[in-house]
>>> print(open('work.cif').read())   # mmCIF, C-alpha atoms
data_query
loop_
_atom_site.label_atom_id
_atom_site.label_comp_id
_atom_site.auth_asym_id
_atom_site.auth_seq_id
_atom_site.Cartn_x
_atom_site.Cartn_y
_atom_site.Cartn_z
CA MET Z 1 119.60 204.15 235.02
CA ALA Z 2 120.61 203.43 231.50
CA PHE Z 3 123.71 201.33 230.58
CA THR Z 4 125.54 201.70 227.38
CA ARG Z 5 128.12 199.29 225.79
CA ALA Z 6 131.44 200.73 225.36
CA THR Z 7 132.45 201.48 221.91
CA GLY Z 8 135.16 199.45 220.30
CA LYS Z 9 135.68 195.93 218.85
CA HIS Z 10 133.11 193.30 219.81
CA ARG Z 11 134.61 190.11 221.03
CA ALA Z 12 133.22 186.74 219.89
CA PRO Z 13 131.94 184.50 222.60
CA ASN Z 14 134.59 182.21 223.91
CA ARG Z 15 134.60 178.45 223.44
CA LEU Z 16 132.93 177.83 226.75
CA THR Z 17 130.18 180.21 225.82
CA ARG Z 18 129.65 178.51 222.45
CA ARG Z 19 129.50 175.09 224.08
CA GLY Z 20 127.01 176.37 226.59
CA ALA Z 21 124.82 177.83 223.89
CA LYS Z 22 124.99 174.59 221.94
CA ALA Z 23 123.99 172.63 225.02
CA VAL Z 24 121.14 175.02 225.66
CA GLY Z 25 120.03 174.68 222.05
CA VAL Z 26 120.14 170.92 222.19
CA ALA Z 27 118.21 170.93 225.40
CA THR Z 28 115.65 173.20 223.87
CA LEU Z 29 115.32 171.04 220.84
CA ALA Z 30 114.96 168.02 223.02
CA THR Z 31 112.28 169.79 225.05
CA THR Z 32 110.32 170.82 221.97
CA GLY Z 33 110.70 167.41 220.33
CA VAL Z 34 112.38 168.81 217.30
CA ILE Z 35 115.48 166.70 217.78
CA GLY Z 36 113.47 163.54 217.39
CA GLY Z 37 112.06 164.72 214.10
CA LEU Z 38 115.40 165.73 212.82
CA ALA Z 39 117.24 162.72 214.02
CA ALA Z 40 114.83 160.07 212.70
CA PRO Z 41 115.33 160.75 209.03
CA ALA Z 42 119.07 160.64 209.38
CA VAL Z 43 119.02 157.36 211.24
CA ALA Z 44 116.56 155.89 208.73
CA ALA Z 45 118.74 156.98 205.87
CA ASP Z 46 121.78 155.38 207.44
CA SER Z 47 119.89 152.13 208.07
CA GLU Z 48 118.50 152.05 204.54
CA SER Z 49 121.92 152.67 203.07
CA ALA Z 50 123.39 149.86 205.13
CA ALA Z 51 120.58 147.55 204.14
CA VAL Z 52 121.09 148.30 200.46
CA GLU Z 53 124.80 147.77 200.77
CA ASP Z 54 124.26 144.55 202.66
CA THR Z 55 121.75 143.26 200.09
CA GLY Z 56 123.97 144.12 197.17
CA LEU Z 57 126.91 142.29 198.69
CA THR Z 58 124.77 139.26 199.39
CA GLN Z 59 123.59 139.18 195.78
CA VAL Z 60 127.12 139.42 194.49
CA LEU Z 61 128.26 136.65 196.79
CA THR Z 62 125.28 134.51 195.82
CA ILE Z 63 125.97 134.95 192.10
CA ASP Z 64 129.66 134.16 192.56
CA GLU Z 65 128.87 131.04 194.56
CA THR Z 66 126.35 129.81 191.95
CA LEU Z 67 128.81 130.34 189.11
CA ALA Z 68 131.51 128.53 191.06
CA GLU Z 69 129.13 125.65 191.70
CA ARG Z 70 128.28 125.47 187.98
CA ILE Z 71 131.94 125.49 187.02
CA GLY Z 72 132.66 122.83 189.60
CA ALA Z 73 129.76 120.72 188.36
CA GLN Z 74 130.95 121.08 184.77
CA ALA Z 75 134.47 120.10 185.82
CA ASP Z 76 133.12 117.07 187.65
CA ALA Z 77 131.03 116.11 184.61
CA GLN Z 78 134.06 116.47 182.33
CA ARG Z 79 136.18 114.37 184.70
CA HIS Z 80 133.44 111.75 184.81
CA GLN Z 81 133.22 111.71 181.01
CA ALA Z 82 137.00 111.45 180.75
CA ASP Z 83 137.05 108.61 183.28
CA THR Z 84 134.22 106.84 181.45
CA ALA Z 85 135.97 107.26 178.10
CA ALA Z 86 139.23 105.98 179.59
CA LYS Z 87 137.45 102.94 181.02
CA VAL Z 88 135.72 102.23 177.71
CA LYS Z 89 139.03 102.58 175.88
CA ALA Z 90 140.76 100.30 178.38
CA LYS Z 91 138.00 97.71 178.01
CA ALA Z 92 138.27 97.92 174.22
CA LYS Z 93 142.03 97.41 174.39
CA ALA Z 94 141.63 94.51 176.79
CA LYS Z 95 139.02 92.95 174.49
CA ALA Z 96 141.28 93.44 171.47
CA ARG Z 97 144.20 91.84 173.33
CA ALA Z 98 142.00 88.94 174.40
CA GLU Z 99 140.76 88.41 170.83
CA ALA Z 100 144.32 88.63 169.47
CA LYS Z 101 145.47 86.12 172.06
CA LYS Z 102 142.56 83.82 171.23
CA LYS Z 103 143.35 84.03 167.50
CA ALA Z 104 147.04 83.38 168.18
CA GLU Z 105 146.18 80.36 170.33
CA ALA Z 106 143.80 79.08 167.64
CA ARG Z 107 146.51 79.54 165.01
CA VAL Z 108 149.05 77.70 167.14
CA ALA Z 109 146.52 74.93 167.80
CA ALA Z 110 145.80 74.64 164.08
CA GLU Z 111 149.51 74.52 163.27
CA ARG Z 112 150.05 71.88 165.92
CA ALA Z 113 147.11 69.89 164.59
CA THR Z 114 148.55 70.12 161.09
CA GLU Z 115 151.96 69.05 162.35
CA SER Z 116 150.34 66.24 164.29
CA ARG Z 117 148.46 65.03 161.23
CA ALA Z 118 151.63 65.28 159.14
CA GLY Z 119 153.53 63.39 161.83
CA THR Z 120 150.84 60.75 161.96
CA THR Z 121 150.99 60.40 158.19
CA ARG Z 122 154.76 60.10 158.28
CA VAL Z 123 154.56 57.51 161.03
CA ALA Z 124 151.91 55.58 159.12
CA ARG Z 125 153.97 55.65 155.95
CA SER Z 126 157.05 54.65 157.85
CA ALA Z 127 155.15 51.80 159.48
CA GLU Z 128 153.82 50.76 156.11
CA ARG Z 129 157.30 50.76 154.64
CA THR Z 130 158.59 48.85 157.64
CA GLY Z 131 155.78 46.34 157.40
CA LEU Z 132 156.21 45.86 153.70
CA GLY Z 133 159.95 46.12 153.73
CA ALA Z 134 162.05 47.60 150.95
CA PHE Z 135 161.60 46.05 147.55
CA ARG Z 136 164.22 43.59 146.42
CA LEU Z 137 165.54 42.35 143.08
CA PRO Z 138 163.42 39.69 141.35
CA VAL Z 139 166.53 37.52 140.99
CA ALA Z 140 168.90 37.69 143.93
CA GLY Z 141 172.34 39.08 143.15
CA SER Z 142 171.44 39.71 139.51
CA TYR Z 143 172.04 42.73 137.26
CA VAL Z 144 170.46 44.36 134.22
CA THR Z 145 171.63 43.04 130.87
CA THR Z 146 169.23 44.96 128.60
CA GLY Z 147 168.05 48.40 129.62
CA TYR Z 148 164.65 50.08 129.50
CA LYS Z 149 163.62 51.54 126.11
CA SER Z 150 166.49 49.85 124.31
CA GLY Z 151 165.74 49.76 120.56
CA GLY Z 152 165.76 46.81 118.16
CA SER Z 153 163.77 44.47 115.96
CA LEU Z 154 163.27 42.02 118.83
CA TRP Z 155 160.38 44.11 120.13
CA SER Z 156 157.24 44.77 118.16
CA SER Z 157 156.96 48.27 119.51
CA GLY Z 158 160.53 49.01 118.47
CA SER Z 159 161.79 49.45 122.05
CA HIS Z 160 162.14 47.46 125.22
CA SER Z 161 159.18 47.95 127.59
CA GLY Z 162 161.08 46.62 130.60
CA VAL Z 163 164.55 45.41 131.60
CA ASP Z 164 166.22 42.00 131.39
CA PHE Z 165 167.90 40.57 134.48
CA HIS Z 166 170.67 38.03 134.08
CA ALA Z 167 169.42 34.60 135.18
CA VAL Z 168 170.39 31.10 134.22
CA SER Z 169 167.51 28.75 133.51
CA GLY Z 170 165.78 27.57 136.65
CA SER Z 171 166.88 30.49 138.84
CA SER Z 172 164.45 31.43 141.60
CA VAL Z 173 162.22 34.37 140.70
CA VAL Z 174 160.64 36.20 143.66
CA ALA Z 175 158.06 38.93 144.13
CA VAL Z 176 159.87 42.25 144.49
CA GLY Z 177 157.25 43.29 147.08
CA ALA Z 178 153.98 42.19 148.65
CA GLY Z 179 151.00 41.93 146.31
CA THR Z 180 148.29 39.84 144.73
CA VAL Z 181 148.52 37.69 141.61
CA VAL Z 182 146.30 39.07 138.83
CA GLU Z 183 147.76 37.08 135.95
CA ALA Z 184 149.59 33.75 135.88
CA GLY Z 185 149.98 31.87 132.59
CA TRP Z 186 150.93 32.20 128.98
CA GLY Z 187 151.55 35.78 127.83
CA GLY Z 188 152.31 35.51 124.14
CA ALA Z 189 155.70 37.08 123.40
CA TYR Z 190 156.35 37.06 127.15
CA GLY Z 191 156.02 33.29 127.32
CA ASN Z 192 155.03 32.11 130.78
CA ASN Z 193 154.46 35.27 132.79
CA ILE Z 194 153.08 36.51 136.12
CA VAL Z 195 151.56 39.93 136.87
CA LEU Z 196 151.23 41.14 140.46
CA ARG Z 197 149.18 44.02 141.79
CA MET Z 198 151.40 45.63 144.44
CA THR Z 199 150.06 47.08 147.70
CA ASP Z 200 150.69 50.65 146.47
CA GLY Z 201 148.44 50.08 143.43
CA THR Z 202 151.19 49.65 140.87
CA TYR Z 203 151.88 46.44 138.95
CA THR Z 204 154.96 44.29 138.27
CA GLN Z 205 155.39 41.71 135.49
CA TYR Z 206 157.75 38.69 135.27
CA GLY Z 207 158.26 37.06 131.84
CA HIS Z 208 159.93 34.15 129.97
CA LEU Z 209 159.54 31.87 133.02
CA SER Z 210 160.23 28.17 132.77
CA SER Z 211 157.60 27.47 135.42
CA ILE Z 212 154.90 29.31 137.39
CA GLY Z 213 154.45 28.63 141.09
CA VAL Z 214 151.39 30.82 141.95
CA SER Z 215 147.77 31.24 140.85
CA ILE Z 216 145.46 34.21 140.20
CA GLY Z 217 144.04 35.76 143.37
CA GLN Z 218 146.86 34.49 145.55
CA SER Z 219 148.55 36.93 147.92
CA VAL Z 220 152.32 36.86 147.98
CA ALA Z 221 154.86 38.38 150.33
CA GLU Z 222 157.91 40.35 149.45
CA GLY Z 223 160.73 37.94 148.53
CA GLN Z 224 158.38 34.97 148.08
CA GLN Z 225 159.27 32.68 145.18
CA ILE Z 226 156.67 32.82 142.43
CA GLY Z 227 158.40 30.90 139.61
CA LEU Z 228 161.62 29.90 137.90
CA SER Z 229 163.49 31.72 135.16
CA GLY Z 230 163.64 30.38 131.58
CA SER Z 231 163.50 31.34 127.92
CA THR Z 232 159.85 30.85 126.89
CA GLY Z 233 158.11 33.18 124.40
CA ASN Z 234 160.03 35.65 122.27
CA SER Z 235 163.43 35.10 123.87
CA THR Z 236 167.01 34.57 122.65
CA GLY Z 237 168.17 32.83 125.81
CA PRO Z 238 167.49 32.32 129.53
CA HIS Z 239 166.85 35.56 131.43
CA LEU Z 240 164.06 37.30 133.35
CA HIS Z 241 162.07 40.06 131.68
CA PHE Z 242 160.79 42.47 134.35
CA GLU Z 243 158.34 45.37 133.94
CA ALA Z 244 156.78 48.01 136.23
CA ARG Z 245 153.34 49.26 135.15
CA THR Z 246 150.52 51.58 136.15
CA THR Z 247 147.94 49.01 134.98
CA PRO Z 248 148.11 45.22 134.46
CA SER Z 249 148.18 45.70 130.70
CA TYR Z 250 150.98 46.16 128.20
CA GLY Z 251 151.68 49.78 127.22
CA SER Z 252 151.43 51.29 130.74
CA ASP Z 253 155.09 50.66 131.52
CA LEU Z 254 157.31 52.66 133.89
CA ASP Z 255 161.10 52.81 134.12
CA PRO Z 256 161.74 49.56 136.07
CA VAL Z 257 165.11 50.62 137.52
CA ALA Z 258 163.76 53.96 138.77
CA TYR Z 259 160.70 52.13 140.14
CA LEU Z 260 162.77 49.61 142.09
CA ARG Z 261 165.11 52.29 143.44
CA ALA Z 262 162.12 54.42 144.54
CA HIS Z 263 160.95 51.41 146.55
CA GLY Z 264 164.30 50.86 148.21
CA ALA Z 265 165.77 48.16 146.00
CA ALA Z 266 169.51 48.35 145.18
CA VAL Z 267 169.79 48.08 141.43
#
>>> encode(input="work.cif", output="structure tokens")
Amino acid sequence: MAFTRATGKHRAPNRLTRRGAKAVGVATLATTGVIGGLAAPAVAADSESAAVEDTGLTQVLTIDETLAERIGAQADAQRHQADTAAKVKAKAKAKARAEAKKKAEARVAAERATESRAGTTRVARSAERTGLGAFRLPVAGSYVTTGYKSGGSLWSSGSHSGVDFHAVSGSSVVAVGAGTVVEAGWGGAYGNNIVLRMTDGTYTQYGHLSSIGVSIGQSVAEGQQIGLSGSTGNSTGPHLHFEARTTPSYGSDLDPVAYLRAHGAAV
């Protein structure tokens, strides 16, 4: 008996039918082994893709980490260089300060040494002056009657080479300061005269004496009597002719008043 499908619109298989067919197809493919062949390439492709992605990410991370390490190392090196430079600079400054301090201390020490030497010299001079005492007048309580460089025919040079102190005949004549006798005797126009070499290297001369009380080579003290006043030699009357000289000889005279005042005598 033959069956015929009714004419009209064909209906699509329902969802259940499609699912059933799909399940049957899958089962068939599984039975024939086709599913394994189809599935393997897909799985392999997925694995390969994942591996490539994983490898690429690892490379990127590795490169980033290496660059970071290089930058960090460079930063550390720069910090080390900066620290080293700072230490060198600090040492240089400390050395410069130490040298400056040393120079300042040396300068202060030199100044103190100079002051000490100057003080020692002052003390020595003071002691010398104290030991020698201030000079005094050759005739106690006397005064100048004829000044230094006074002009007139009485002197061969035309001027007075010393000063005249008022003194009556026989007045005591003393050494104005400590010294040594280098001349004692007749002095021509000076009559009886004495020349002393003073301790400071200058010379003093005493003329027109009536008598001499010392001899050449004798040391005398300041204020010690060396003779008596008179009017011997080229003289117009009793008095004491006094000179200050740079040498024992005539012609090297100094201002006697200024000389005595410089040595502490009140003239």
>>> resolve_selection(input="work.cif", expression="the PyMOL selection byres ((chain Z and resi 180) around 6)", output="PyMOL selection string")
chain Z and resi 179+181+196-197+218-220
>>> atom_distance(input="work.cif", atom1="CA of Ile216 in chain Z", atom2="CA of Glu183 in chain Z")
5.6 Å
>>> atom_distance(input="work.cif", atom1="CA of Tyr143 in chain Z", atom2="CA of Gly201 in chain Z")
25.5 Å
>>> resolve_selection(input="work.cif", expression="the PyMOL selection byres ((chain Z and resi 194) around 6)", output="PyMOL selection string")
chain Z and resi 183-184+193+195+205-206
>>> closest_residue(input="work.cif", among="Z:Thr66, Z:Gln225, Z:Ser161, Z:Thr236", to="Tyr250 in chain Z", atoms="all atoms listed in the file")
Z:Ser161
>>> atom_distance(input="work.cif", atom1="CA of Ala86 in chain Z", atom2="CA of Gly72 in chain Z")
20.7 Å
>>> closest_residue(input="work.cif", among="Z:Arg117, Z:Arg136, Z:Arg79, Z:Lys91", to="Ala265 in chain Z", atoms="all atoms listed in the file")
Z:Arg136
>>> resolve_selection(input="work.cif", expression="the PyMOL selection byres ((chain Z and resi 228) around 12)", output="tab-separated table (two decimals) with C-alpha atoms, in the coordinates of the input")
chain	number	residue	atom	x	y	z
Z	138	PRO	CA	163.42	39.69	141.35
Z	139	VAL	CA	166.53	37.52	140.99
Z	167	ALA	CA	169.42	34.60	135.18
Z	168	VAL	CA	170.39	31.10	134.22
Z	169	SER	CA	167.51	28.75	133.51
Z	170	GLY	CA	165.78	27.57	136.65
Z	171	SER	CA	166.88	30.49	138.84
Z	172	SER	CA	164.45	31.43	141.60
Z	173	VAL	CA	162.22	34.37	140.70
Z	174	VAL	CA	160.64	36.20	143.66
Z	175	ALA	CA	158.06	38.93	144.13
Z	192	ASN	CA	155.03	32.11	130.78
Z	193	ASN	CA	154.46	35.27	132.79
Z	194	ILE	CA	153.08	36.51	136.12
Z	206	TYR	CA	157.75	38.69	135.27
Z	207	GLY	CA	158.26	37.06	131.84
Z	208	HIS	CA	159.93	34.15	129.97
Z	209	LEU	CA	159.54	31.87	133.02
Z	210	SER	CA	160.23	28.17	132.77
Z	211	SER	CA	157.60	27.47	135.42
Z	212	ILE	CA	154.90	29.31	137.39
Z	213	GLY	CA	154.45	28.63	141.09
Z	214	VAL	CA	151.39	30.82	141.95
Z	224	GLN	CA	158.38	34.97	148.08
Z	225	GLN	CA	159.27	32.68	145.18
Z	226	ILE	CA	156.67	32.82	142.43
Z	227	GLY	CA	158.40	30.90	139.61
Z	229	SER	CA	163.49	31.72	135.16
Z	230	GLY	CA	163.64	30.38	131.58
Z	231	SER	CA	163.50	31.34	127.92
Z	232	THR	CA	159.85	30.85	126.89
Z	238	PRO	CA	167.49	32.32	129.53
Z	239	HIS	CA	166.85	35.56	131.43
Z	240	LEU	CA	164.06	37.30	133.35
Z	241	HIS	CA	162.07	40.06	131.68
